[in-house]
Structures are given as C-alpha cells and as structure tokens.
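For reference, work07.cif is printed below; it contains mmCIF, C-alpha atoms and all ligand atoms.
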data_work
loop_
_atom_site.label_atom_id
_atom_site.label_comp_id
_atom_site.auth_asym_id
_atom_site.auth_seq_id
_atom_site.Cartn_x
_atom_site.Cartn_y
_atom_site.Cartn_z
CA MET A 933 75.14 151.65 -25.03
CA GLU A 934 78.86 152.28 -25.53
CA ASN A 935 80.69 155.56 -25.03
CA ILE A 936 77.94 157.18 -22.99
CA PRO A 937 78.76 160.86 -22.33
CA ALA A 938 79.72 161.23 -18.68
CA HIS A 939 78.29 164.74 -18.51
CA VAL A 940 75.25 165.94 -20.47
CA ALA A 941 74.14 169.58 -20.26
CA ILE A 942 70.73 170.58 -21.61
CA ILE A 943 69.22 173.94 -22.55
CA LEU A 944 65.55 173.21 -21.96
CA ASP A 945 64.01 175.47 -24.56
CA GLY A 946 60.64 175.82 -26.27
CA ASN A 947 58.12 175.65 -23.42
CA GLY A 948 56.43 178.84 -24.55
CA ARG A 949 56.18 177.84 -28.22
CA TRP A 950 54.95 174.37 -27.22
CA ALA A 951 52.06 176.00 -25.34
CA LYS A 952 51.32 178.56 -28.04
CA LYS A 953 50.99 175.81 -30.63
CA ARG A 954 48.29 174.26 -28.47
CA GLY A 955 46.45 177.53 -27.83
CA LEU A 956 47.57 177.50 -24.19
CA PRO A 957 49.24 180.24 -22.11
CA ARG A 958 53.07 180.14 -21.97
CA THR A 959 52.82 179.19 -18.29
CA ALA A 960 51.15 175.89 -19.28
CA GLY A 961 54.28 175.16 -21.30
CA HIS A 962 56.43 175.69 -18.21
CA ALA A 963 54.26 173.27 -16.22
CA ALA A 964 54.64 170.63 -18.96
CA GLY A 965 58.37 171.38 -19.10
CA ALA A 966 58.78 170.93 -15.33
CA LYS A 967 57.08 167.53 -15.59
CA ASN A 968 59.46 166.48 -18.32
CA VAL A 969 62.46 167.37 -16.15
CA GLU A 970 61.49 164.44 -13.91
CA THR A 971 61.17 162.06 -16.87
CA ILE A 972 64.52 163.01 -18.39
CA THR A 973 66.34 163.02 -15.05
CA ILE A 974 65.32 159.39 -14.43
CA ALA A 975 66.09 158.43 -18.04
CA ALA A 976 69.56 159.98 -17.80
CA SER A 977 70.28 158.22 -14.54
CA ASN A 978 69.13 154.88 -16.04
CA LEU A 979 71.32 155.42 -19.11
CA GLY A 980 74.38 155.69 -16.86
CA ILE A 981 75.02 159.39 -17.38
CA ARG A 982 77.09 160.55 -14.36
CA TYR A 983 76.36 164.29 -14.51
CA LEU A 984 73.26 165.98 -15.86
CA THR A 985 73.15 169.79 -15.90
CA LEU A 986 69.88 171.53 -16.72
CA TYR A 987 69.47 175.22 -17.60
CA ALA A 988 66.28 176.16 -15.82
CA PHE A 989 66.42 179.96 -15.52
CA SER A 990 68.94 182.43 -16.91
CA THR A 991 70.12 185.80 -15.61
CA GLU A 992 68.37 187.25 -18.69
CA ASN A 993 65.03 185.50 -18.09
CA TRP A 994 64.06 188.24 -15.56
CA LYS A 995 63.25 190.34 -18.67
CA ARG A 996 60.00 188.36 -19.05
CA SER A 997 56.64 189.48 -17.69
CA VAL A 998 56.14 189.49 -13.92
CA GLU A 999 53.42 186.89 -14.38
CA GLU A 1000 55.61 184.50 -16.33
CA VAL A 1001 58.57 184.88 -13.95
CA SER A 1002 56.42 184.29 -10.88
CA THR A 1003 54.85 181.19 -12.44
CA ILE A 1004 58.30 179.80 -13.25
CA MET A 1005 59.47 180.52 -9.68
CA SER A 1006 56.49 178.80 -8.09
CA LEU A 1007 56.87 175.81 -10.42
CA LEU A 1008 60.53 175.66 -9.40
CA ALA A 1009 59.64 175.68 -5.71
CA LYS A 1010 57.16 172.85 -6.28
CA TYR A 1011 59.52 170.94 -8.55
CA LEU A 1012 62.39 171.10 -6.07
CA LEU A 1013 60.36 169.28 -3.45
CA ARG A 1014 59.47 166.54 -5.98
CA CYS A 1015 63.07 166.56 -7.05
CA ARG A 1016 64.27 165.86 -3.50
CA ASP A 1017 62.04 162.75 -3.27
CA LEU A 1018 63.06 161.62 -6.74
CA ALA A 1019 66.72 162.12 -5.89
CA MET A 1020 66.45 160.16 -2.66
CA GLU A 1021 64.64 157.29 -4.45
CA ASN A 1022 67.25 157.18 -7.23
CA ASN A 1023 70.48 157.90 -5.30
CA ILE A 1024 70.88 161.24 -7.15
CA ARG A 1025 72.93 164.11 -5.73
CA VAL A 1026 71.46 167.53 -6.50
CA THR A 1027 73.59 170.66 -6.83
CA PHE A 1028 73.00 174.17 -8.15
CA ILE A 1029 74.91 176.68 -10.22
CA GLY A 1030 74.03 180.32 -10.72
CA ASP A 1031 73.56 183.24 -8.36
CA LEU A 1032 71.11 181.80 -5.84
CA SER A 1033 71.37 184.99 -3.76
CA GLY A 1034 69.29 186.68 -6.46
CA LEU A 1035 66.36 184.34 -5.79
CA ASP A 1036 63.51 184.68 -3.35
CA GLU A 1037 64.84 183.79 0.13
CA LYS A 1038 62.50 180.84 0.58
CA LEU A 1039 63.43 179.34 -2.78
CA HIS A 1040 67.11 179.86 -1.99
CA ALA A 1041 66.64 178.03 1.33
CA THR A 1042 64.87 175.16 -0.46
CA CYS A 1043 67.81 174.84 -2.86
CA ASP A 1044 70.22 174.69 0.09
CA SER A 1045 68.20 172.02 1.86
CA VAL A 1046 67.81 169.86 -1.29
CA ARG A 1047 71.56 170.09 -1.86
CA GLU A 1048 72.34 169.18 1.76
CA GLU A 1049 69.84 166.32 1.97
CA THR A 1050 71.07 164.68 -1.22
CA ALA A 1051 74.79 165.35 -0.67
CA GLY A 1052 75.52 161.77 0.41
CA ASN A 1053 73.98 160.15 -2.68
CA THR A 1054 76.49 158.42 -4.91
CA GLY A 1055 74.65 158.01 -8.23
CA MET A 1056 74.16 160.69 -10.89
CA THR A 1057 74.82 164.34 -10.03
CA LEU A 1058 71.95 166.55 -11.17
CA THR A 1059 72.95 170.21 -11.41
CA ILE A 1060 70.24 172.80 -11.84
CA ALA A 1061 71.31 176.14 -13.33
CA LEU A 1062 69.15 178.75 -11.63
CA ASN A 1063 69.57 182.48 -12.12
CA TYR A 1064 72.58 181.32 -14.09
CA GLY A 1065 74.52 183.32 -16.64
CA GLY A 1066 77.95 182.31 -17.88
CA ARG A 1067 79.34 185.83 -17.89
CA ASP A 1068 77.92 186.42 -14.42
CA GLU A 1069 79.54 183.17 -13.23
CA ILE A 1070 82.95 184.23 -14.59
CA VAL A 1071 82.72 187.68 -12.98
CA ARG A 1072 81.62 186.18 -9.64
CA ALA A 1073 84.50 183.70 -9.87
CA LEU A 1074 86.94 186.54 -10.54
CA ASN A 1075 85.63 188.48 -7.56
CA ARG A 1076 85.98 185.40 -5.32
CA LEU A 1077 89.54 184.97 -6.54
CA LEU A 1078 90.37 188.60 -5.77
CA ALA A 1079 88.70 188.36 -2.35
CA SER A 1080 90.76 185.26 -1.51
CA GLY A 1081 93.91 187.35 -1.69
CA GLU A 1082 95.45 184.81 -4.08
CA ARG A 1083 98.33 186.25 -6.07
CA GLY A 1084 98.91 185.63 -9.77
CA PRO A 1085 99.83 184.19 -12.12
CA VAL A 1086 96.52 182.32 -12.26
CA THR A 1087 96.30 179.02 -14.14
CA GLU A 1088 93.25 177.74 -16.04
CA GLU A 1089 92.72 175.05 -13.40
CA GLY A 1090 93.18 177.57 -10.62
CA PHE A 1091 90.63 179.94 -12.11
CA ALA A 1092 88.15 177.10 -12.79
CA SER A 1093 88.24 176.19 -9.11
CA TYR A 1094 86.40 179.47 -8.41
CA LEU A 1095 83.59 178.74 -10.87
CA ASP A 1096 80.22 177.44 -9.68
CA THR A 1097 81.04 174.16 -11.44
CA ALA A 1098 84.28 173.58 -9.48
CA GLY A 1099 84.95 169.89 -8.97
CA GLN A 1100 82.76 168.76 -11.87
CA PRO A 1101 84.02 167.53 -15.24
CA TYR A 1102 83.17 169.72 -18.25
CA PRO A 1103 80.10 168.66 -20.28
CA ASP A 1104 80.80 166.09 -23.00
CA LEU A 1105 77.51 166.74 -24.75
CA MET A 1106 75.33 169.85 -24.83
CA ILE A 1107 71.77 169.45 -26.07
CA ARG A 1108 69.46 172.34 -26.97
CA THR A 1109 65.81 171.69 -27.76
CA SER A 1110 63.37 173.65 -29.90
CA GLY A 1111 65.44 174.66 -32.90
CA GLU A 1112 67.59 177.52 -31.61
CA GLU A 1113 71.29 177.03 -32.27
CA ARG A 1114 73.01 179.23 -29.70
CA ILE A 1115 74.19 178.86 -26.11
CA SER A 1116 72.36 181.86 -24.61
CA ASN A 1117 74.96 182.47 -21.86
CA PHE A 1118 75.06 178.80 -20.79
CA LEU A 1119 78.44 177.48 -19.55
CA PRO A 1120 80.68 179.47 -21.94
CA TRP A 1121 83.87 178.39 -20.12
CA GLN A 1122 82.84 174.76 -19.68
CA LEU A 1123 81.51 174.08 -23.21
CA CYS A 1124 84.79 174.91 -25.00
CA TYR A 1125 85.28 171.33 -26.23
CA SER A 1126 81.78 169.89 -25.81
CA GLU A 1127 79.86 168.26 -28.65
CA PHE A 1128 76.60 170.04 -29.53
CA TYR A 1129 73.29 168.39 -30.45
CA PHE A 1130 70.36 170.49 -31.63
CA THR A 1131 66.82 169.24 -32.11
CA ASP A 1132 63.60 170.91 -33.25
CA THR A 1133 61.62 169.05 -30.58
CA ALA A 1134 60.25 171.40 -27.91
CA TRP A 1135 61.39 170.61 -24.36
CA PRO A 1136 58.02 169.25 -23.09
CA ASP A 1137 58.12 166.68 -25.95
CA PHE A 1138 61.80 165.75 -25.58
CA SER A 1139 61.60 162.04 -24.74
CA PRO A 1140 63.95 159.45 -23.22
CA GLU A 1141 64.21 157.97 -26.75
CA GLU A 1142 65.44 161.29 -28.07
CA LEU A 1143 67.96 161.53 -25.23
CA GLU A 1144 69.25 158.12 -26.33
CA LYS A 1145 69.40 159.35 -29.92
CA ALA A 1146 71.49 162.33 -28.84
CA CYS A 1147 73.83 160.01 -26.91
CA GLU A 1148 74.17 157.78 -29.99
CA ALA A 1149 75.04 160.81 -32.10
CA TYR A 1150 77.62 161.75 -29.47
CA ALA A 1151 79.12 158.25 -29.54
CA SER A 1152 79.81 158.57 -33.27
CA ARG A 1153 81.60 161.94 -32.97
CA ASP A 1154 85.34 162.15 -33.31
CA ARG A 1155 86.64 164.36 -30.49
CA ARG A 1156 90.12 165.61 -31.22
CA PHE A 1157 90.64 168.41 -28.66
CA GLY A 1158 92.88 170.15 -31.11
CA GLY A 1159 95.08 167.13 -31.73
CA VAL A 1160 95.30 164.71 -34.67
CA LYS A 1161 93.95 161.17 -34.91
C1 LIG A 1201 62.45 177.47 -21.83
O1 LIG A 1201 61.34 177.72 -22.62
C2 LIG A 1201 62.22 177.74 -20.36
C3 LIG A 1201 62.87 178.95 -19.83
C4 LIG A 1201 63.66 179.74 -20.49
C5 LIG A 1201 62.58 179.29 -18.45
P1 LIG A 1201 61.00 179.18 -23.14
O2 LIG A 1201 60.13 179.85 -22.13
O3 LIG A 1201 62.22 179.91 -23.50
O4 LIG A 1201 60.13 178.85 -24.43
P2 LIG A 1201 60.21 179.58 -25.84
O5 LIG A 1201 61.65 179.53 -26.27
O6 LIG A 1201 59.73 180.97 -25.62
O7 LIG A 1201 59.32 178.77 -26.73
C1 LIG A 1202 67.84 179.89 -22.52
O1 LIG A 1202 66.67 179.98 -23.23
C2 LIG A 1202 67.57 179.90 -21.04
C3 LIG A 1202 66.98 178.69 -20.49
C4 LIG A 1202 66.62 177.65 -21.17
C5 LIG A 1202 66.80 178.68 -19.07
P1 LIG A 1202 66.05 181.38 -23.70
O2 LIG A 1202 64.77 181.04 -24.34
O3 LIG A 1202 66.02 182.32 -22.56
O4 LIG A 1202 67.15 181.89 -24.74
P2 LIG A 1202 67.00 182.90 -25.98
O5 LIG A 1202 66.34 184.14 -25.45
O6 LIG A 1202 66.18 182.22 -27.01
O7 LIG A 1202 68.41 183.11 -26.44
MG MG A 1203 63.30 180.11 -25.21
#

Starting from the file, lay out its structure as structure tokens.
Ligand code: IPE
Ligand code: IPE
Ligand code: MG
Amino acid sequence: MENIPAHVAIILDGNGRWAKKRGLPRTAGHAAGAKNVETITIAASNLGIRYLTLYAFSTENWKRSVEEVSTIMSLLAKYLLRCRDLAMENNIRVTFIGDLSGLDEKLHATCDSVREETAGNTGMTLTIALNYGGRDEIVRALNRLLASGERGPVTEEGFASYLDTAGQPYPDLMIRTSGEERISNFLPWQLCYSEFYFTDTAWPDFSPEELEKACEAYASRDRRFGGVK
C-alpha cells in the first residue's frame, strides 16, 4: 500500500454497546475489546505503520461504575502482560501517555516495566493512552515547564517538548469506532492537522481489513496544512 500513515491514533469506542446488543454485560464488551487490541496492533505493525496510539482509558472514564472501572483496570493489567510478550515477538516498543500516577501502584509499575523491557525494540511504537486527558496533559506540561525554571518566550516546539508525546510525530490519521464523531479529550494539541476517519463498527468488530480501508481513505486525502496545492 502506498502513502501509509506513519502515525495512526485510535479512539477504541463502542465496547459497551457491542455487549448490550448481544445481551451481555458491558464488561464482556471490554474483554472482547482488549482481545481486539492484540489483533489490530499486529495488523498495524504488518501494514508498516510506525506509530500506533490507542486511547484505552480517559481521565473522564472514572465517572463510570466502580464495577466497570475495576473490570477495565484488571483487563488492562492482564493485557499489559500479553502486550509485553507480543511486543517482544514483534519488535514493538511500548510507551504510555496520560497521568500514570493516578493509577493503582501495581498497574503503574507494570506500565513502567513494559516500557523499559521493550525500549530497545526498533519496529512500531505502540503508545497506550491510560488515564489520559488532553486538557490534563496540557496542564501537566505547563506545570513541568514552570517547574523547569525555563523563561519565556515559549515556542510551539518548546512547549510540545513538555507534552507526554514529546519526541513522537503528530498523528496523521485518527480513527474513531462506533459512530461517535468527537475527540472526547484525545490529543487536542496533536490532532490539529490530522485526518479523521469515523466508522459505525464497534471496536470489538473493527478488523484488520477495516484498518486497511481507513488507511486507503487516508491515502486519497489531500493534506494542505493551510497551504495551496
Ligand atoms: C470504549 O468503549 C472503552 C472505554 C472507554 C474504556 P465504551 O465503554 O465507551 O463503549 P460504549 O461507547 O459505551 O458503547
Ligand atoms: C473515549 O470514549 C475514551 C476512550 C475510548 C478511552 P468515551 O466513550 O469515554 O467518550 P464519550 O463519553 O462518548 O465522549
Ligand atoms: Mg464510549
């Protein structure tokens, strides 16, 4: 495939509705969704995507029931261990964005160890957004900047170096599953010039074929970045 997006960011949405449609509890949707993360991670790596960023849990998702949040957290803990093996088998580097200090200590430690163990891999970079909120990221970045003692004026590049995504290119393509057409606090700074692709497919059903379809749609877009062609 030509003109593959270097960086694809995905809002994995629709686990709950997927389960409801099948008469299952929402938590069953999250289990199916976690399984699909493995499938799509491998598919993205095989397609030649260099960076894949997945929105797994937002700063607003704590508003859900205690039961749902704790199921998501235990699925995450389990998934991260699978993810480490998968990453080692496929030369994938795993990184995280979001406020990991707001997570359970054990889960936070698992994130750190997965990041460290896969740091030397040279294939795709998989970034998992966990306890991530774009506004929260910008405020944390601002506080880091102030704490560094750096004096203004601050440039765009200078400010971006304090974001969780420092060192990574901005997403070329942002995909959201399950019909909603909004960003829900996902990467507001980084998505300024990204192409958006929305699909009605719920995340557990989002297939490697549909990922390819989204990449094909991306390839036919005319990105102008404010200029003229
Ligand atoms: C996405 O699916 C997963 C998370 C936000 C953790 P949802 O749980 O939002 O599923 P819907 O949108 O309610 O169907
Ligand atoms: C966005 O989905 C968050 C994640 C996918 C992790 P939500 O389901 O939380 O977003 P809203 O509530 O529909 O905007
Ligand atoms: Mg949702």

Have a look at CA of Gly980 (chain A) and CA of Pro937 (chain A) and let me know their distance in Å, one decimal.
->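 CA of Gly980 (chain A) sits 8.7 Å away from CA of Pro937 (chain A).
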
Would you place a box with edges along x, y and z of the file around all atoms of region 984-998 of chain A listed there, add 6 Å to each of its six sides, and report the centre and edge lengths in Å to one decimal, as JSON?
{"center_x": 64.7, "center_y": 178.2, "center_z": -16.5, "size_x": 29.1, "size_y": 36.4, "size_z": 17.1}

Which residue gives the smallest distance to Leu1007 (chain A) among A:Pro1085, A:Pro1103, A:Gly961, A:Gly948, with only C-alpha atoms counted?
-> A:Gly961

All residues 6 Å or closer to Gly1030 (chain A), all atoms listed in the file, same chain fewer than 2 positions away omitted, as a list in words = Leu1032, Ala1061, Leu1062, Asn1063 and Tyr1064 of chain A

Tell me, as a list in words, which residues lie within 10 Å of Val969 (chain A), counting only C-alpha atoms; anything in the same chain fewer than 4 positions away does not count.
-> Leu944, Ala964, Gly965, Thr973, Ile974, Ala975, Leu986, Ala988, Tyr1011, Cys1015, Trp1135, Pro1136 and Phe1138 of chain A

By how many Å are CA of Ala1051 (chain A) and CA of Arg1025 (chain A) apart?
->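 Straight-line distance from CA of Ala1051 (chain A) to CA of Arg1025 (chain A) works out to 5.5 Å.
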
Given all atoms listed in the file, how would the per-residue table for chain A near ligand LIG 1202 (chain A) read, listing every residue at most 8 Å away with its closest atom pair and distance in Å to one decimal, sorted by chain and number, as JSON lines?
{"residue": "A:Ile943", "atom": "CA", "partner": "A:LIG1202", "partner_atom": "C4", "distance": 4.7}
{"residue": "A:Leu944", "atom": "CA", "partner": "A:LIG1202", "partner_atom": "C4", "distance": 4.6}
{"residue": "A:Asp945", "atom": "CA", "partner": "A:LIG1202", "partner_atom": "C4", "distance": 4.8}
{"residue": "A:Gly946", "atom": "CA", "partner": "A:LIG1202", "partner_atom": "O2", "distance": 6.9}
{"residue": "A:Tyr987", "atom": "CA", "partner": "A:LIG1202", "partner_atom": "C5", "distance": 4.6}
{"residue": "A:Ala988", "atom": "CA", "partner": "A:LIG1202", "partner_atom": "C5", "distance": 4.1}
{"residue": "A:Phe989", "atom": "CA", "partner": "A:LIG1202", "partner_atom": "C5", "distance": 3.8}
{"residue": "A:Ser990", "atom": "CA", "partner": "A:LIG1202", "partner_atom": "C5", "distance": 4.8}
{"residue": "A:Glu992", "atom": "CA", "partner": "A:LIG1202", "partner_atom": "O3", "distance": 6.7}
{"residue": "A:Asn993", "atom": "CA", "partner": "A:LIG1202", "partner_atom": "O3", "distance": 5.6}
{"residue": "A:Ala1061", "atom": "CA", "partner": "A:LIG1202", "partner_atom": "C5", "distance": 7.7}
{"residue": "A:Leu1062", "atom": "CA", "partner": "A:LIG1202", "partner_atom": "C5", "distance": 7.8}
{"residue": "A:Glu1112", "atom": "CA", "partner": "A:LIG1202", "partner_atom": "O6", "distance": 6.7}
{"residue": "A:Arg1114", "atom": "CA", "partner": "A:LIG1202", "partner_atom": "O7", "distance": 6.8}
{"residue": "A:Ile1115", "atom": "CA", "partner": "A:LIG1202", "partner_atom": "O7", "distance": 7.2}
{"residue": "A:Ser1116", "atom": "CA", "partner": "A:LIG1202", "partner_atom": "O7", "distance": 4.5}
{"residue": "A:Asn1117", "atom": "CA", "partner": "A:LIG1202", "partner_atom": "C1", "distance": 7.6}
{"residue": "A:Phe1118", "atom": "CA", "partner": "A:LIG1202", "partner_atom": "C1", "distance": 7.5}

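Distance check against ligand LIG 1201 (chain A) using only C-alpha atoms and all ligand atoms: of A:Arg1016, A:His1040, A:Arg1108, A:Arg1155, the minimum falls on A:Arg1108.
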
Selected residue, from A:Thr1027, A:Gln1122, A:Thr1042, A:Ser1110, that lies nearest to Leu1008 (chain A) when counting only C-alpha atoms = A:Thr1042

What does the distance between CA of Thr1109 (chain A) and CA of Thr985 (chain A) come to in Å, to one decimal place?
->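 CA of Thr985 (chain A) lies 14.1 Å from CA of Thr1109 (chain A).
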
Neighbours of Ala976 (chain A) within 8 Å (all atoms listed in the file; same-chain residues fewer than 6 positions away dropped), as a VMD selection string?
-> chain A and resid 984 1140 1143

Mind checking which residues fall within 9 Å of Leu1123 (chain A), counting all atoms listed in the file, ignoring those fewer than 5 positions away in the same chain, and posting them as a PyMOL selection string?
-> chain A and resi 1102-1106+1118+1128

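Closest to ligand LIG 1201 (chain A) among A:Leu1035, A:Met933, A:Ala966, A:Ala1019 is A:Ala966, based on all atoms listed in the file.
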
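Nearest-residue note for Lys1038 (chain A): choosing from A:Thr1054, A:Ser1006, A:Thr971, A:Thr1059, the minimum distance belongs to A:Ser1006, counting only C-alpha atoms.
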
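Restricting the calculation to all atoms listed in the file, the smallest distance between Phe1130 (chain A) and any of A:Arg954, A:Ile1107, A:Ser1152, A:Gly1066 is found for A:Ile1107.
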
For Thr959 (chain A), list every protein, DNA or RNA residue within 9 Å, evaluated using all atoms listed in the file, and leave out those in the same chain fewer than 5 positions away; present the list as number ranges by chain.
-> A: 947-948, 951, 964, 999-1000, 1003-1004
